[in-house]
Structure formats: structure tokens, C-alpha cells
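Visitor: Structure in C-alpha cells, see below.
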Amino acid sequence: MQLEGKSAIITGAAQGIGLACAERFAHEGARLVLADVAEEAGEEAAAKIRDGGGEARFVACDVGDRKAVEALVAAAVNAYGGLDIQVSNAGIIHTDDLLDLREEDFDRVLRVNIKGTFLCGQAAARQMVAQGRGGAIINMSSVNAVLAIPNQIPYNVSKGGVNQLTRVMSLALASHGIRVNAIGPGTIATEMAKVVMEDEAARRKIMSRTPMGRLGQPSEIAAVAVFLASQESSYITGQTIYCDGGRLPLNYTVPVD
């Protein structure tokens, strides 16, 4: 097991990619603290992992609140004696045209997606530095850190910020043996994406920009997260790995049946 004996925090862990990461980390032997604002779903996710033989507990946390984040890290330390891995997966999206986008909606997305990633990474890094044994921090980015969708302005901006934050953190923490990397998913088969795919026009649009011709699975993102959290990636830091079915290299649309 690649993460045996390691303790990990995963935010946004109640569903989707975060839950897939939690399940895979548990399979690899990690002891988990799952964090989310969705308390009922988060408790259920932790219970499911425990029922499967893993070690997990849930802590309700608003990642945009510094005190809540510090309490989250403290909960992991109290439960497991330290912190080795931190995954910032919590994120939200708001869709609106540029001329109609409200300031409060812009601020709300950046508060979770970029400020939350900063606060979680900072709090985790402080604990890891105090421990003196290194660690791994993984930030969830997106292909939309590089690409742009006109009506997803705050999301695009926030994910671009996540990429740069990842680079800066990796340089600041390298001397402490803490590696910081990011994952940039394309369109992944979360519950939201599955609903969108029920619309034929939307399905064709998504597939036209996906050379591999299918959605990614949350488990495929989780596999990359395990790699970045483990010693298998011991000489990798400051990088964003894109899991997008070929979307970023695409310079055309592909035929769709």
C-alpha cells in the first residue's frame, strides 16, 4: 500500500472527485480526515470508508474561513498524531456573462477556490514544517486554468490562480521536503457532468472537444492524486498534471457520432 501509515486531509470530500480520492487513499492505507460543508454527505462518506475497513473521520469545514481551516488541521493532528498529505479539492463554480456577473458572485468563487486553497495549504505546511518530516500538498486545478470559457469567469480566474499558487508554494516549501503539485481535470463524470450529458447538444459539444471520446472517471483523478502523494513522485514538485482525455493539445474539434 503506497500511503500506509500516512495521515491525510481531503477537502470537498463528500462527493465527486474528493470522495474518489478519499476512497482510493483509504485503499492505499492512509488515515483520513474528510472535510466539506455538506455535513450529512460527509459523515456518510467517512462511514462508508470505515465500513470498508479504512480509517476516516469527517470534519465540517468552510475552507474560506481561516479559523475553520486551522481547526481542521488540528483535528487531523489530534486524531493521528500528525499530517503528511493535504488535498485541496473543495471548489465551486458560477456561470454568468461578463456584463452580468455580480461582484459578490466573483468574490464567492475566489473565496473558496483560491483563498481556500491558500489557507488549507498554508495551515498544512505549517504543521508539516513543525513535524520536520516533509509532506505532500495537492491542489485541484482544471484545464480551465489554461483554457477560457466566456461565461465561467471567476472559475477560470481562480483555477489560473491555483496553478500559480502551486508553483509559488512548491518553491517556498522545497527546502522543507514538502512537495506541492496540482491536478488539472478535464470533464469528469461527476453527478453534475452526468446531468449535463443527458442533453444531446451539450453531450456533442463536450465530446467534440475530447479526443479520447469519453468522460474521465473520478477514480482516474484519484489515481493521479495517489501518485503525487506517494514516494513514486518524490522528485516532482511545482507541476500541474492534466487529466483531460487530450483536450488541452486539441487544435480542432473531432467528429462525434
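We label chains A, B, ... in the order they appear in the C-alpha cells, count residues from 1 in each chain, and number ligands from 1 in the order shown.
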With the cut-off set at 7 Å and counting only C-alpha atoms, tabulate each residue of region 155-236 of chain A with an atom at most that distance from an atom of region 108-117 of chain A, showing the nearest atom pair and its distance in Å to one decimal, ordered by chain and increasing number, as a Markdown table.
Guide:
| residue | atom | partner | partner_atom | distance |
| --- | --- | --- | --- | --- |
| A:Tyr155 | CA | A:Val109 | CA | 6.6 |
| A:Ser158 | CA | A:Ile114 | CA | 5.5 |
| A:Gly161 | CA | A:Ile114 | CA | 6.4 |
| A:Val162 | CA | A:Ile114 | CA | 5.9 |
Visitor: Which residues come within 10 Å of Pro255 (chain A), counting only C-alpha atoms, excluding same-chain residues fewer than 6 positions away, as a count of residues only?
Guide: 6
Visitor: So how many Å separate CA of Ala20 (chain A) and CA of Gly216 (chain A), to one decimal?
Guide: 12.4 Å
Visitor: Find the nearest atom pair between each residue of region 169-196 of chain A and region 127-144 of chain A for residues within 8 Å, count only C-alpha atoms, give distances in Å to one decimal, sort rows by chain and ascending number, and present the table as a Markdown table.
Guide:
| residue | atom | partner | partner_atom | distance |
| --- | --- | --- | --- | --- |
| A:His176 | CA | A:Gly134 | CA | 5.9 |
| A:Gly177 | CA | A:Gly134 | CA | 4.3 |
| A:Ile178 | CA | A:Gly135 | CA | 4.6 |
| A:Arg179 | CA | A:Ala136 | CA | 4.9 |
| A:Val180 | CA | A:Ile137 | CA | 4.7 |
| A:Asn181 | CA | A:Ile138 | CA | 5.1 |
| A:Ala182 | CA | A:Asn139 | CA | 4.5 |
| A:Ile183 | CA | A:Met140 | CA | 5.1 |
| A:Gly184 | CA | A:Ser142 | CA | 3.8 |
| A:Pro185 | CA | A:Ser142 | CA | 4.9 |
| A:Gly186 | CA | A:Val143 | CA | 5.6 |
Visitor: Keeping only N, CA and C atoms, write those residues as a compact mmCIF listing (two decimals), in the first residue's frame.
Guide:
# COMPACT_ATOMS: atom_id res chain seq x y z
N HIS A 176 11.98 22.38 2.84
CA HIS A 176 11.42 21.64 3.97
C HIS A 176 11.02 20.21 3.59
N GLY A 177 11.30 19.84 2.35
CA GLY A 177 10.94 18.49 1.91
C GLY A 177 9.46 18.32 1.66
N ILE A 178 8.76 19.42 1.42
CA ILE A 178 7.33 19.38 1.14
C ILE A 178 7.12 19.63 -0.34
N ARG A 179 6.51 18.68 -1.01
CA ARG A 179 6.25 18.81 -2.44
C ARG A 179 4.83 19.34 -2.65
N VAL A 180 4.68 20.24 -3.62
CA VAL A 180 3.38 20.83 -3.91
C VAL A 180 3.11 20.70 -5.40
N ASN A 181 2.05 20.00 -5.74
CA ASN A 181 1.66 19.80 -7.14
C ASN A 181 0.16 19.98 -7.30
N ALA A 182 -0.29 20.03 -8.54
CA ALA A 182 -1.71 20.20 -8.82
C ALA A 182 -2.16 19.19 -9.87
N ILE A 183 -3.45 18.97 -9.90
CA ILE A 183 -4.08 18.12 -10.92
C ILE A 183 -5.09 18.98 -11.67
N GLY A 184 -5.07 18.89 -13.00
CA GLY A 184 -5.99 19.66 -13.83
C GLY A 184 -6.93 18.75 -14.60
N PRO A 185 -8.08 18.41 -14.03
CA PRO A 185 -9.03 17.54 -14.74
C PRO A 185 -9.67 18.23 -15.93
N GLY A 186 -10.06 17.44 -16.92
CA GLY A 186 -10.97 17.88 -17.97
C GLY A 186 -12.39 17.61 -17.49
Visitor: Hey, which of A:Val146, A:Ala124, A:Arg50, A:Leu171 ends up closest to Pro249 (chain A)? Count only C-alpha atoms.
Guide: A:Val146
